[in-house]
Protein chains: 2
Amino acid sequence: MADVDDRVTAAVLIIGDEILSGRTQDTNLRDIARYLGVLGVDLAEARTVPDVQDEIVEALNALRSRYDYVITTGGIGPTHDDITADAVAAAFGLELYEHPEILALMEARWGVELNAARRRMTRVPVGADLVKNPVQGPPGFTIGNVFVLAGVPAIMRGMLEDVGPRLRGGRPTIARTVRVEQSGEGTIAAPLEAVAKAHPQMSLGSYPFFGPDGFGSNLVLRGRDAEEVAATVAELIAALREAGVTHIVEIDPAA
Amino acid sequence: MADVDDRVTAAVLIIGDEILSGRTQDTNLRDIARYLGVLGVDLAEARTVPDVQDEIVEALNALRSRYDYVITTGGIGPTHDDITADAVAAAFGLELYEHPEILALMEARWGVELNAARRRMTRVPVGADLVKNPVQGPPGFTIGNVFVLAGVPAIMRGMLEDVGPRLRGGRPTIARTVRVEQSGEGTIAAPLEAVAKAHPQMSLGSYPFFGPDGFGSNLVLRGRDAEEVAATVAELIAALREAGVTHIVEIDPAA
């Protein structure tokens with residue numbers, strides 16, 4: 001997508017051996033991407049790293065210096081492999097301390113059962129603010145431009161609701177899809193490229209599929225200017241028809 | 001996971017705006033991770049980047065210098081946003097050329113319909129070898145320690161079959177899961193950590209869930225030595241019982 005002046009960017013850092021081993025299918029990236037998209041924040045990059053402090057620190061420092069925001073998922077539980085708080089503190093050169101609000105919450109929840117493992121979850125870097133957890137368990141936290149969320153999808157989604165209001169939003173991207181059936185990308189490519197070149201502020205992508213009637217493709221048009229998006233959709237459909245494409249469906253017509 | 005001498009590592013580079021926009025749920029990472037795991041190759045990192053040449057080049061060069069292998073997915077179709085071949089060539093400082101084998105294949109398939117867009121798909125960097133596509137469409141390619149595969153999952157999986165035999169395999173990781181129900185991670189953490197510390201060559205992870213009976217966790221034990229894995233499972237179950245955990249199920253018992 002062409003860079004525009006008001007572009008707000010974010011990166012996601014997925015922390016966890018279970019994603020890299022293939023044991024767990026990540027869905028947080030897609031959920032975060034969609035949530036940010038509505039706010040006009042572009043997800044610009046994502047990285048997945050193992051539960052190894054040096055790797056988390058290196059990736060976090062690379063991403064937080066490059067993008068407006070970084071959202072991390074995973075590694076904030078009570079077990080020995082949950083080292084995200086330690087890694088984030090190390091990345092910022094800060095100490096961890098037991099946050100009084102989390103401690104009070106955990107004491108109320110666990111009483112005498114608040115053992116050392118559970119107490120680990122009360123630690124945040126000095127200067128961090130909390131991110132509400134409306135589901136279950138302790139909160140996440142935010143420090144600098146980094147938001148540290150849980151890895152369990154339902155909890156991550158709940159925490160996101162407390163992240164959105166703190167972000168500087170951009171102009172939301174508007175996406176429209178033109179679905180072409182019974183024509184492969186090889187037929188679509190030339191008209192698609194011609195329209196893309198005429199609209200450098202727009203992003204036009206082709207996402208092919210192979211269905212019962214052979215190859216087809218979803219052509220996705222993304223831009224920030226509603227009028228230009230609508231005009232580009234119309235131009236693309238006209239160009240496709242001129243190229244002999246017959247099965248065209250506009251999936252997301254403008255209201 | 002502890003580094004061992006014979007560790008063979010790989011990274012995945014997912015290329016595509018559609019993943020970062022949240023439009024498409026990636027599943028290739030998990031499939032590649034599982035495929036590599038069987039071969040004893042550890043997936044050590046993954047990155048997702050947009051269809052922007054400079055970003056692809058930068059990520060690819062970072063990953064290929066750091067890991068034994070890199071597998072890329074996406075961006076090898078005929079449309080203007082398919083720039084993976086260009087980016088890989090640029091990363092290696094190589095020219096692209098029309099590979100005679102792909103050209104012959106495409107000419108046989110398309111005849112006079114082999115237009116400029118389809119012809120783009122015949123281009124590979126000078127010196128690249130092909131990766132068979134047993135499904136549909138042109139092959140992928142490999143250059144140096146990089147394998148360039150399609151993004152469409154069924155085609156990607158087909159191409160993987162031609163990647164595996166070219167990799168130097170490591171000792172496969174053996175994984176066992178001990179499932180604990182009706183006990184949260186806060187209860188499990190201390191015995192888990194004690195057993196983990198006694199087996200630094202093993203990787204022990206805790207993956208909590210919230211089910212009808214409250215919190216539970218899947219404790220995953222991973223290692224390369226079958227005897228040590230079996231011994232560690234037994235030690236962990238004993239330690240959990242001693243800590244008062246009652247609902248323990250061994251999901252993947254050793255044969």
# chains A, B, ... in the order shown; residues from 1 in each chain; ligands from 1
>>> closest_atom_pairs(of="chain A", to="chain B", cutoff="6 Å", atoms="only C-alpha atoms", output="CSV")
residue,atom,partner,partner_atom,distance
A:Leu20,CA,B:Leu43,CA,5.6
A:Ser21,CA,B:Ala33,CA,5.5
A:Gly22,CA,B:Arg30,CA,4.3
A:Arg30,CA,B:Gly22,CA,4.3
A:Ala33,CA,B:Gly22,CA,4.8
A:Arg34,CA,B:Gly22,CA,5.1
A:Leu43,CA,B:Leu20,CA,5.6
A:Glu45,CA,B:Val49,CA,5.1
A:Ala46,CA,B:Thr48,CA,5.0
A:Arg47,CA,B:Arg47,CA,4.4
A:Thr48,CA,B:Ala46,CA,5.0
A:Val49,CA,B:Glu45,CA,5.1
A:Pro78,CA,B:Gly186,CA,5.8
A:Thr79,CA,B:Ala189,CA,4.7
A:His80,CA,B:Glu193,CA,5.7
A:Ala117,CA,B:Gly186,CA,5.5
A:Arg118,CA,B:Gly186,CA,5.0
A:Gly186,CA,B:Arg118,CA,5.0
A:Ala189,CA,B:Thr79,CA,4.7
A:Glu193,CA,B:His80,CA,5.7
>>> select_by_dssp(residues="range 116-217 of chain B", states="helix (DSSP H, G or I)", output="MDAnalysis selection string")
chainID B and resid 116:120 153:166 185:198
>>> residues_around(residues="range 123-127 of chain A", least_positions_apart="5", cutoff="8 Å", atoms="only C-alpha atoms", output="mmCIF file with C-alpha atoms, in the first residue's frame")
data_model
loop_
_atom_site.group_PDB
_atom_site.id
_atom_site.type_symbol
_atom_site.label_atom_id
_atom_site.label_comp_id
_atom_site.auth_asym_id
_atom_site.auth_seq_id
_atom_site.Cartn_x
_atom_site.Cartn_y
_atom_site.Cartn_z
ATOM 1 C CA ALA A 85 7.213 -9.444 31.168
ATOM 2 C CA VAL A 88 9.784 -6.494 27.742
ATOM 3 C CA ALA A 89 11.420 -5.013 30.843
ATOM 4 C CA LEU A 94 13.553 -1.322 33.155
ATOM 5 C CA GLU A 95 13.059 -3.271 36.370
ATOM 6 C CA LEU A 96 9.977 -5.360 37.102
ATOM 7 C CA TYR A 97 7.934 -4.723 40.227
ATOM 8 C CA GLU A 98 4.777 -6.173 41.713
ATOM 9 C CA HIS A 99 2.015 -3.845 40.614
ATOM 10 C CA PHE A 141 0.140 -3.980 30.474
ATOM 11 C CA ILE A 143 4.821 0.520 28.317
#
>>> select_by_dssp(residues="range 16-71 of chain A", states="strand (DSSP E or B)", output="list in words")
Val41, Asp42, Leu43, Ala44, Glu45, Ala46, Arg47, Thr48, Val49, Tyr69, Val70 and Ile71 of chain A
>>> write_last_selection(atoms="C-alpha atoms", output="JSON list (two decimals), in the first residue's frame")
[["chain", "number", "residue", "atom", "x", "y", "z"],
["A", 41, "VAL", "CA", -4.14, 1.41, 11.94],
["A", 42, "ASP", "CA", -2.19, -0.64, 9.37],
["A", 43, "LEU", "CA", -0.66, -3.88, 10.54],
["A", 44, "ALA", "CA", 2.69, -3.59, 8.79],
["A", 45, "GLU", "CA", 4.60, -6.64, 9.98],
["A", 46, "ALA", "CA", 4.30, -9.66, 12.24],
["A", 47, "ARG", "CA", 6.93, -11.86, 13.82],
["A", 48, "THR", "CA", 6.67, -15.13, 15.71],
["A", 49, "VAL", "CA", 9.48, -15.94, 18.13],
["A", 69, "TYR", "CA", 2.69, 0.49, 17.98],
["A", 70, "VAL", "CA", 3.59, -3.08, 18.85],
["A", 71, "ILE", "CA", 1.16, -5.63, 20.24]]
>>> residues_around(residues="Ile155 in chain B", least_positions_apart="3", cutoff="7 Å", atoms="only C-alpha atoms", output="PyMOL selection string")
chain B and resi 133+135+150+152+158-159
>>> write_last_selection(atoms="N, CA and C atoms", output="CSV table (one decimal), in the first residue's frame")
chain,number,residue,atom,x,y,z
B,133,ASN,N,5.6,-28.7,-8.4
B,133,ASN,CA,4.2,-28.4,-8.0
B,133,ASN,C,3.3,-29.5,-8.5
B,135,VAL,N,0.3,-30.1,-7.9
B,135,VAL,CA,-1.2,-29.7,-7.8
B,135,VAL,C,-1.6,-29.1,-9.1
B,150,ALA,N,4.3,-21.5,-3.2
B,150,ALA,CA,3.1,-20.8,-3.4
B,150,ALA,C,2.4,-20.5,-2.1
B,152,VAL,N,-1.2,-20.4,-1.8
B,152,VAL,CA,-2.4,-21.2,-1.7
B,152,VAL,C,-2.1,-22.5,-1.0
B,158,GLY,N,1.6,-29.3,-1.4
B,158,GLY,CA,2.2,-30.2,-2.4
B,158,GLY,C,3.6,-29.9,-2.7
B,159,MET,N,4.0,-28.7,-2.7
B,159,MET,CA,5.4,-28.3,-3.0
B,159,MET,C,6.3,-28.7,-1.9
>>> closest_residue(among="B:Arg7, B:His247, B:Arg241, B:Arg64", to="Arg179 in chain B", atoms="only C-alpha atoms")
B:His247
>>> closest_residue(among="A:Thr177, A:Ser183, A:Thr232, A:Asn61", to="Thr246 in chain A", atoms="only C-alpha atoms")
A:Ser183
>>> atom_distance(atom1="CA of Thr142 in chain A", atom2="CA of Ala59 in chain A")
16.8 Å
